[in-house]
Amino acid sequence: MDCKKSNMKLIYLLMFVSFLLATLQFVFSGILDQVAASIGISVSLAGQLVTFFALGSAVGTPIIMIMAAQLDRKKLSIMALTAILVSTVMTSAANGFAILLAARIILGIGYGVYMVSAYSIIVNASEKGRMARSMAYLAMGSSTALVIGVPASRAISSVFNWRTIFMGIAGLLFIMLVILSKTLPQAHGEDAVPMREQIKQLRNPKILSAFGATFFMFISYAAVNTYTAPYLSQVLNIPGNRISVILILFGLASLGGAILGGHVSDRFSPGKILLIGMFLQTFTLILAAVIPKASPAVIVVLLIWALAEWTCGPILNVNIVTVAPTAAGIMISLNATFIQLGFAAGAALGGITVEIISIESIIWLGAIAVAIAAVLGMHSFKESGRRQVGGGKSENLVGSI
């Protein structure tokens, strides 16, 4: 019982840190217009701060994880959090686009390395049959950022300014850095996996399809989520004081999806759940695009979209861990790379779409991208029973990916 309580305390601490980091990641979706105005750039250019965060994470995370494969995960987590703290202070003091860009790249690398390390620690600490639920707590931290962090940031930036948000998060990160340096357990790294071996894994069509599904699903999410506040304001004509309320509703839907994903993937076929979730995302985005914009139903179907999106999130990582349990960190790192590449591509394509076509068209972009993800998923996600996952844990396995 004491061990169980200790594990849950650790999971809650890691969940709170993931909440802070997800707030840093997603905060620009709620304050993009304010950031753009304060440093004299366009909204579409400010949106590229999301792109370069994602590129930093996508490119930097696997490189660091390969170099530090055998390094203790506690040390790696502390190093990553220190880099994140530095980037957050840089952001709060930045007076131009170049400094903000550098800070976001550093944040992306630190974020990716920390999350991979945290997932590895969670896998080691999880009880038998509860790995998916434990991993879902980290996703819950991220979705809680959409419930509380992003709407609160919008409200704070309206009263003070957007830099205040980053100053406050920097203070909280420093406190958590001190706490985790004392409480994180030692967690041994893995044997280094040469790049050629990782590339060899990607030659497996089912593995490649699984990562492709991840990539396109997050193109969809980033394209829509990055421009949520401008979309609500310019397309749906929602006044500023109601945008924060709607962002809270989106966050609640995301939180509900993360909780649901963690629970159902411990009980049912993750492959079937992933496919249902992806097809539901496609359907709701198409519906949102064709419904008259004056109808409140647009908000309702977008809330269902957010629920479906975040239901899939925890399951993607469970799927990757069950594929190669002896190299969980590397596989999660590769999956994180495709997630962040999807974020980068989605934010970039969203910005291009806004500039060339219209902000309303990002919904169609999201629908097309997640439809491609669903097709790739159909090729990859097939049930093949159960397989033992490190330490005697048994989890559902999707296909032979």
# chains A, B, ... in the order shown; residues from 1 in each chain; ligands from 1
>>> residues_around(residues="segment 175-184 of chain A", least_positions_apart="4", cutoff="9 Å", atoms="only C-alpha atoms", output="ChimeraX atom specification")
/A:10,13-14,16-17,74-75,77-78,81-82,85,121,170-171
>>> write_last_selection(atoms="C-alpha atoms", output="mmCIF file, in the first residue's frame")
data_model
loop_
_atom_site.group_PDB
_atom_site.id
_atom_site.type_symbol
_atom_site.label_atom_id
_atom_site.label_comp_id
_atom_site.auth_asym_id
_atom_site.auth_seq_id
_atom_site.Cartn_x
_atom_site.Cartn_y
_atom_site.Cartn_z
ATOM 1 C CA LEU A 10 5.184 10.500 -8.047
ATOM 2 C CA LEU A 13 3.983 15.348 -9.367
ATOM 3 C CA LEU A 14 4.854 14.407 -12.937
ATOM 4 C CA PHE A 16 1.545 18.704 -12.519
ATOM 5 C CA VAL A 17 4.811 19.342 -14.349
ATOM 6 C CA LYS A 74 16.217 11.262 -13.216
ATOM 7 C CA LYS A 75 19.318 13.194 -14.277
ATOM 8 C CA SER A 77 14.636 14.917 -16.469
ATOM 9 C CA ILE A 78 16.345 17.484 -14.246
ATOM 10 C CA LEU A 81 13.579 20.957 -16.806
ATOM 11 C CA THR A 82 16.530 23.296 -16.279
ATOM 12 C CA LEU A 85 13.203 27.069 -17.076
ATOM 13 C CA ILE A 121 9.713 6.610 -15.324
ATOM 14 C CA ALA A 170 8.989 30.120 -14.407
ATOM 15 C CA GLY A 171 8.491 30.496 -10.640
#
>>> closest_residue(among="A:Ala367, A:Leu285, A:Val27, A:Leu274", to="Ala155 of chain A", atoms="only C-alpha atoms")
A:Val27
>>> closest_atom_pairs(of="segment 65-127 of chain A", to="segment 336-342 of chain A", cutoff="10 Å", atoms="only C-alpha atoms", output="CSV")
residue,atom,partner,partner_atom,distance
A:Gly108,CA,A:Gln340,CA,8.7
A:Gly112,CA,A:Ala336,CA,7.0
A:Val113,CA,A:Ala336,CA,9.4
A:Met115,CA,A:Ala336,CA,8.6
A:Val116,CA,A:Ala336,CA,7.7
>>> select_by_dssp(residues="segment 44-281 of chain A", states="alpha helix (DSSP H)", output="ChimeraX atom specification")
/A:44-46,48-67,73-93,97-125,131-144,150-159,162-183,195-202,205-226,228-234,240-264,270-281
>>> closest_residue(among="A:Ile11, A:Leu307, A:Leu100, A:Ile368", to="Leu45 of chain A", atoms="only C-alpha atoms")
A:Leu100
>>> atom_distance(atom1="atom CA of Ala369 of chain A", atom2="atom CA of Ala58 of chain A")
18.7 Å
>>> residues_around(residues="Ile219 of chain A", least_positions_apart="5", cutoff="8 Å", atoms="only C-alpha atoms", output="VMD selection string")
chain A and resid 342 to 347 366 369 to 370
>>> write_last_selection(atoms="all heavy atoms", output="mmCIF file, in the first residue's frame")
data_model
loop_
_atom_site.group_PDB
_atom_site.id
_atom_site.type_symbol
_atom_site.label_atom_id
_atom_site.label_comp_id
_atom_site.auth_asym_id
_atom_site.auth_seq_id
_atom_site.Cartn_x
_atom_site.Cartn_y
_atom_site.Cartn_z
ATOM 1 N N GLY A 342 4.206 16.575 -36.670
ATOM 2 C CA GLY A 342 2.818 16.873 -37.012
ATOM 3 C C GLY A 342 2.407 18.248 -36.532
ATOM 4 O O GLY A 342 1.753 19.011 -37.255
ATOM 5 N N PHE A 343 2.795 18.584 -35.297
ATOM 6 C CA PHE A 343 2.513 19.925 -34.767
ATOM 7 C C PHE A 343 3.144 20.991 -35.655
ATOM 8 O O PHE A 343 2.510 21.999 -35.994
ATOM 9 C CB PHE A 343 3.051 20.067 -33.341
ATOM 10 C CG PHE A 343 2.038 19.784 -32.278
ATOM 11 C CD1 PHE A 343 2.148 18.661 -31.466
ATOM 12 C CD2 PHE A 343 0.970 20.635 -32.072
ATOM 13 C CE1 PHE A 343 1.216 18.397 -30.472
ATOM 14 C CE2 PHE A 343 0.028 20.389 -31.084
ATOM 15 C CZ PHE A 343 0.152 19.261 -30.283
ATOM 16 N N ALA A 344 4.413 20.782 -36.018
ATOM 17 C CA ALA A 344 5.131 21.766 -36.837
ATOM 18 C C ALA A 344 4.465 21.936 -38.195
ATOM 19 O O ALA A 344 4.213 23.060 -38.657
ATOM 20 C CB ALA A 344 6.589 21.345 -37.003
ATOM 21 N N ALA A 345 4.178 20.803 -38.839
ATOM 22 C CA ALA A 345 3.553 20.859 -40.167
ATOM 23 C C ALA A 345 2.151 21.462 -40.086
ATOM 24 O O ALA A 345 1.760 22.255 -40.952
ATOM 25 C CB ALA A 345 3.501 19.457 -40.769
ATOM 26 N N GLY A 346 1.400 21.088 -39.040
ATOM 27 C CA GLY A 346 0.043 21.601 -38.900
ATOM 28 C C GLY A 346 0.014 23.105 -38.682
ATOM 29 O O GLY A 346 -0.788 23.824 -39.293
ATOM 30 N N ALA A 347 0.902 23.599 -37.797
ATOM 31 C CA ALA A 347 0.956 25.037 -37.550
ATOM 32 C C ALA A 347 1.404 25.791 -38.797
ATOM 33 O O ALA A 347 0.866 26.857 -39.128
ATOM 34 C CB ALA A 347 1.895 25.330 -36.388
ATOM 35 N N GLY A 366 -7.830 20.416 -41.307
ATOM 36 C CA GLY A 366 -7.826 19.442 -40.211
ATOM 37 C C GLY A 366 -8.564 18.173 -40.576
ATOM 38 O O GLY A 366 -8.121 17.065 -40.262
ATOM 39 N N ALA A 369 -6.450 16.024 -43.072
ATOM 40 C CA ALA A 369 -5.282 15.419 -42.431
ATOM 41 C C ALA A 369 -5.665 14.226 -41.561
ATOM 42 O O ALA A 369 -5.024 13.168 -41.617
ATOM 43 C CB ALA A 369 -4.533 16.465 -41.603
ATOM 44 N N VAL A 370 -6.709 14.359 -40.761
ATOM 45 C CA VAL A 370 -7.068 13.253 -39.866
ATOM 46 C C VAL A 370 -7.718 12.116 -40.644
ATOM 47 O O VAL A 370 -7.634 10.940 -40.239
ATOM 48 C CB VAL A 370 -7.978 13.738 -38.713
ATOM 49 C CG1 VAL A 370 -9.411 13.980 -39.152
ATOM 50 C CG2 VAL A 370 -7.942 12.747 -37.548
#
>>> closest_residue(among="A:Val264, A:Ile99, A:Ala348, A:Ala297", to="Leu55 of chain A", atoms="only C-alpha atoms")
A:Ala348
>>> atom_distance(atom1="atom CA of Ala308 of chain A", atom2="atom CA of Tyr111 of chain A")
24.0 Å
>>> residues_around(residues="Arg242 of chain A", least_positions_apart="5", cutoff="12 Å", atoms="only C-alpha atoms", output="list in words")
Pro151, Arg154, Ala155, Ala229, Leu232, Ser233, Leu236, Asn237, Leu247, Ile248 and Leu249 of chain A
>>> write_last_selection(atoms="C-alpha atoms", output="PDB file, in the first residue's frame")
ATOM      1  CA  PRO A 151      -8.101  30.138 -20.674  1.00  0.00           C
ATOM      2  CA  ARG A 154      -5.968  34.606 -21.845  1.00  0.00           C
ATOM      3  CA  ALA A 155      -7.641  36.205 -18.828  1.00  0.00           C
ATOM      4  CA  ALA A 229      -8.878  31.979 -30.753  1.00  0.00           C
ATOM      5  CA  LEU A 232     -13.705  31.872 -32.723  1.00  0.00           C
ATOM      6  CA  SER A 233     -13.356  35.633 -33.015  1.00  0.00           C
ATOM      7  CA  LEU A 236     -17.878  32.670 -35.405  1.00  0.00           C
ATOM      8  CA  ASN A 237     -17.946  36.345 -34.292  1.00  0.00           C
ATOM      9  CA  LEU A 247     -11.594  27.592 -24.368  1.00  0.00           C
ATOM     10  CA  ILE A 248     -12.408  26.174 -20.916  1.00  0.00           C
ATOM     11  CA  LEU A 249     -15.097  23.977 -22.494  1.00  0.00           C
TER      12      LEU A 249
END
>>> closest_residue(among="A:Leu21, A:Val43, A:Ile363, A:Ala98", to="Val290 of chain A", atoms="only C-alpha atoms")
A:Ile363
>>> residues_around(residues="Ile106 of chain A", least_positions_apart="4", cutoff="9 Å", atoms="only C-alpha atoms", output="list in words")
Phe53, Gly56, Ser57, Ala83, Ile84, Val86, Ser87, Leu101, Ala102, Gly110 and Tyr111 of chain A
>>> atom_distance(atom1="atom CA of Leu208 of chain A", atom2="atom CA of Ser117 of chain A")
23.0 Å
>>> residues_around(residues="Tyr12 of chain A", least_positions_apart="4", cutoff="9 Å", atoms="only C-alpha atoms", output="compact mmCIF listing (two decimals) with N, CA and C atoms, in the first residue's frame")
# COMPACT_ATOMS: atom_id res chain seq x y z
N ASN A 7 3.96 5.62 -5.45
CA ASN A 7 3.89 5.68 -6.91
C ASN A 7 2.88 6.73 -7.37
N MET A 8 1.73 6.79 -6.70
CA MET A 8 0.71 7.76 -7.09
C MET A 8 1.19 9.19 -6.80
N PHE A 16 1.58 17.25 -12.71
CA PHE A 16 1.55 18.70 -12.52
C PHE A 16 2.60 19.38 -13.39
N VAL A 17 3.77 18.77 -13.48
CA VAL A 17 4.81 19.34 -14.35
C VAL A 17 4.36 19.30 -15.80
N TYR A 137 -2.23 9.76 -17.07
CA TYR A 137 -2.13 10.88 -16.13
C TYR A 137 -1.28 12.01 -16.72
N LEU A 138 -0.21 11.65 -17.45
CA LEU A 138 0.59 12.69 -18.08
C LEU A 138 -0.23 13.42 -19.15
N GLY A 141 -2.47 15.81 -17.53
CA GLY A 141 -1.80 17.06 -17.20
C GLY A 141 -1.83 18.01 -18.38
